[in-house]
Amino acid sequence: MNILAAEAGDTTARTITIALFLAFVAVTLGITIWASRQTKSATDFYAGGRSFTGFQNGMAIGGDYMSAASFLGIAGLIALYGYDGFLYSIGFLVAWLVALLLVAELMRNSGKYTMADVLAFRMRQKPVRTAAAVSTITVSIFYLLAQMVGAGALVALLLGIRPGQTFLGMDAGTAKVATIILVGALMIIYVTVGGMKGTTYVQIVKAFLLMGGALVMSVLVFAAYKFNLSALLGDAAQSSGKGDAFLRPGQRYGVEAEGDALKTFYSKMDLLSLGIALVLGTAGLPHILIRFYTVPTAKTARKSVLWAIGIIGTFYLLTLALGFGAAALVGSANITAQDRAGNTAAPQLAEALGIRYLGGDLGGATLLAIIAAVAFATILAVVAGLTLASSSSLAHDFYANVLKGGQTSERQEVNVARISAVGIGAVSIVLAIFAQNLNVAFLVALAFAVAASGNLPAILYSLFWKRFTTAGAVAAIYGGLGMAVLLVFFSPVVSGAETAMFKNADWQWFPLSNPGIISIPFGFLCGWLGTILSKEPASEEQYAELEVRALTGAGAH
Amino acid sequence: MSTDTPVDPVPDRYREVQRSAEFVGLRKALRGFVFPMTAAFFLWYALYVILSAYARGFMGVKLIGNINVALVFGLLQFVSTFAIAWLYARYADKNLDPVSDRLRAQVEAGAARSDAARSDAARSDAATSDTATGSEAVK
């Protein structure tokens with residue numbers, strides 16, 4: 001039952017998808033233009049005037065955080081590999097406790113616009129801000145590339161364009177490139193015109209759409225099984241062809257290689273490594289961290305994280321229904337026929353549910369179209385957040401504080417941020433077009449690993465360790481970032497494997513796909529060594545100021 | 001860099017506050033909650049990941065119908081995350097916010113006073129330690 005291939009359904013679905021997508025673009029562009037009129041100062045541009053409520057920012061955090069990797073990726077993983085996909089959901093949620101308990105409020109109180117404001121607070125500005133800008137841009141570009149390449153592939157799949165077919169006169173290849181350019185152009189407009197205010201509202205709208213879509217689908221899935229979870233799981237396990245093993249860990253991660261103890265060991269280490277990077281990466285992602293600056297006080301920052309935990313937690317619970325629902329109602333053969341990685345499981349589930357509940361093929365096409373449009377909205381909101389984070393860091397950290405030594409006007413700085421957003425957007429478009437046929441899904445996991453290995457140690461030491469020095473901060477960031485990138489470069493995700501980015505080359509020697517288990521401790525070690533070996537002592541006065549401000553909110557921006 | 005070095009002859013207001021009993025209590029109240037709680041949820045999560053990797057037989061034990069230990073363990077991670085978030089919110093409301101509000105008012109009032117007295121020679125030394133970031137704090 002390959003419904004996407006059915007000609008009539010195809011046309012209807014395409015028309016509805018495009019109409020809904022255009023509606024989303026029109027609404028968000030309208031909001032962006034409105035936001036641009038409210039954006040006058042640098043604080044407006046970088047931090048949305050710090051005027052958002054806890055609930056608004058909580059929704060925006062959800063919109064910023066729940067990427068296509070969450071929505072399409074996790075649903076697809078569960079649909080194809082069963083229980084293992086759920087590991088991602090859990091790691092992505094538990095991670096928020098690090099942000100809530102250790103980072104959000106203290107960062108809100110002591111920083112201004114970027115992650116580096118906190119890292120450089122009591123350090124020499126130039127080296128620390130340079131390191132933070134390098135890391136921010138690296139993490140954001142990795143993440144951006146994965147999202148944009150994903151968007152291109154998704155369009156070809158969701159619009160049902162396969163090799164040989166055309167859509168609006170475009171074949172699959174052209175449609176992919178056109179999508180990447182369109183997504184890139186939109187994110188540049190959101191950020192340059194709307195700044196943080198516009199971006200935030202785009203993320204809020206997207207969060208509502210995503211939650212609504214996921215809720216409706218989950219209710220329909222459960223209704224199909226009379227709200228009996230056990231029956232749903234049983235059916236999913238049966239149609240997967242793997243039986244009970246489908247409901248246990250081990251189909252995808254930590255796979256046991258029969259008779260090869262070393263391979264089994266590496267595979268299990270890889271699972272632990274992934275688990276650690278997921279839980280420690282979130283609180284080091286620059287595009288997430290700058291969201292804490294959009295609220296007026298630390299208490300509101302706390303409230304927004306609480307809302308975010310509620311929203312994100314609910315969503316990840318629903319991934320169970322989406323993933324197992326797709327396994328049971330669509331079936332893995334139909335999913336892999338559409339996309340080998342399973343990224344179309346959620347849209348295909350929508351179609352199956354629509355046919356079942358909304359009256360045949362037209363209902364199927366309609367629900368598919370709605371969910372496809374939600375997926376595009378999801379990608380757009382995330383890439384806008386990433387572009388904003390990297391252009392803010394380039395302008396505020398590198399241009400204003402490193403190049404100009406802090407001697408610029410607000411106006412100049414914001415102009416540079418806007419130009420940076422155009423530049424970063426353009427670079428991402430070009431890179432994504434080059435990478436479009438490579439397997440770059442690992443870039444999201446790499447972004448988390450870099451954030452956990454470089455940024456998180458620097459942030460935690462800055463906030464909690466009196467003796468931490470400039471040398472320590474620089475060592476932690478470059479050490480963690482460098483080690484994570486180095487290990488991934490020599491890992492099986494880049495070369496030396498069937499699924500590698502360059503599958504015809506082989507310079508692989510590091511056995512794990514996820515570097516976190518080595519690179520995260522290494523980042524913490526570098527920060528510690530850099531500090532105890534540095535000649536200049538930490539300034540007690542400046543630590544006193546940072547600590548008092550962070551804990552009390554005195555003098556907060 | 002130990003705290004028992006002679007007191008700086010020009011103590012700035014942040015160091016004064018940092019040494020006050022009330023601030024020391026606030027720091028203790030914050031760290032006393034967030035550090036153990038972080039250790040607890042991290043170990044709890046690590047246990048879950050390690051069991052997923054190494055105890056598949058146990059994780060596969062069926063409890064009710066097709067619902068097995070792995071699923072319940074996973075759902076318990078959601079429950080513990082929500083519970084810790086709720087506990088922290090309650091704790092912060094009760095034990096952290098009142099103290100930090102009081103201290104903030106103190107610092108900002110003190111800052112305003114020392115700014116007003118900036119021209120006063122007798123008090124000028126208290127203000128000279130204002131760094132670039134420090135003077136921004138009173139905006």
# chains A, B, ... in the order shown; residues from 1 in each chain; ligands from 1
$ closest_atom_pairs --of "chain B" --to "chain A" --cutoff "7 Å" --atoms "only C-alpha atoms" --output "Markdown table"
| residue | atom | partner | partner_atom | distance |
| --- | --- | --- | --- | --- |
| B:Tyr14 | CA | A:Glu545 | CA | 5.1 |
| B:Arg15 | CA | A:Ala544 | CA | 5.3 |
| B:Gln18 | CA | A:Ala544 | CA | 6.0 |
| B:Val34 | CA | A:Leu101 | CA | 5.6 |
| B:Val49 | CA | A:Leu272 | CA | 6.4 |
| B:Ile50 | CA | A:Leu272 | CA | 6.9 |
| B:Ser52 | CA | A:Pro249 | CA | 5.6 |
| B:Ala53 | CA | A:Lys268 | CA | 5.8 |
| B:Arg56 | CA | A:Pro249 | CA | 6.6 |
| B:Met59 | CA | A:Arg248 | CA | 6.6 |
| B:Gly60 | CA | A:Arg248 | CA | 5.4 |
| B:Gly65 | CA | A:Ser230 | CA | 5.6 |
| B:Asn66 | CA | A:Ser230 | CA | 4.9 |
| B:Ile67 | CA | A:Ser230 | CA | 5.8 |
| B:Ala70 | CA | A:Arg248 | CA | 6.4 |
| B:Gly74 | CA | A:Ile90 | CA | 6.8 |
| B:Gln77 | CA | A:Ile90 | CA | 6.9 |
| B:Phe78 | CA | A:Gly313 | CA | 6.9 |
| B:Thr81 | CA | A:Val94 | CA | 6.0 |
| B:Ala85 | CA | A:Leu306 | CA | 6.6 |
| B:Ser100 | CA | A:Thr552 | CA | 4.4 |
| B:Asp101 | CA | A:Thr552 | CA | 6.5 |
| B:Leu103 | CA | A:Thr552 | CA | 6.3 |
| B:Arg104 | CA | A:Ala554 | CA | 4.7 |
| B:Val107 | CA | A:Ala554 | CA | 6.5 |
| B:Glu108 | CA | A:Ala554 | CA | 6.4 |
| B:Ala137 | CA | A:Gly555 | CA | 3.9 |
| B:Val138 | CA | A:Gly555 | CA | 5.6 |
$ atom_distance --atom1 "CA of Val414 in chain A" --atom2 "CA of Ser391 in chain A"
9.7 Å
$ atom_distance --atom1 "CA of Leu367 in chain A" --atom2 "CA of Ala207 in chain A"
17.9 Å
$ select_by_dssp --residues "range 186-327 of chain A" --states "alpha helix (DSSP H)" --output "number ranges by chain"
A: 186-224, 229-240, 261-281, 286-289, 298-327
$ atom_distance --atom1 "CA of Thr264 in chain A" --atom2 "CA of Gly523 in chain A"
26.7 Å
$ closest_residue --among "A:Lys535, A:Ala476, A:Leu106, A:Met123" --to "Arg27 in chain B" --atoms "only C-alpha atoms"
A:Leu106
$ residues_around --residues "Ala341 in chain A" --least-positions-apart "6" --cutoff "9 Å" --atoms "only C-alpha atoms" --output "PDB file with C-alpha atoms, in the first residue's frame"
ATOM      1  CA  GLY A  73      13.869  11.250  13.396  1.00  0.00           C
ATOM      2  CA  GLY A  76      11.211   6.945  12.455  1.00  0.00           C
ATOM      3  CA  LEU A  77      13.732   5.295  14.782  1.00  0.00           C
ATOM      4  CA  LEU A  80      11.987   0.863  12.540  1.00  0.00           C
ATOM      5  CA  ILE A 335       8.352   3.039   5.686  1.00  0.00           C
TER       6      ILE A 335
END
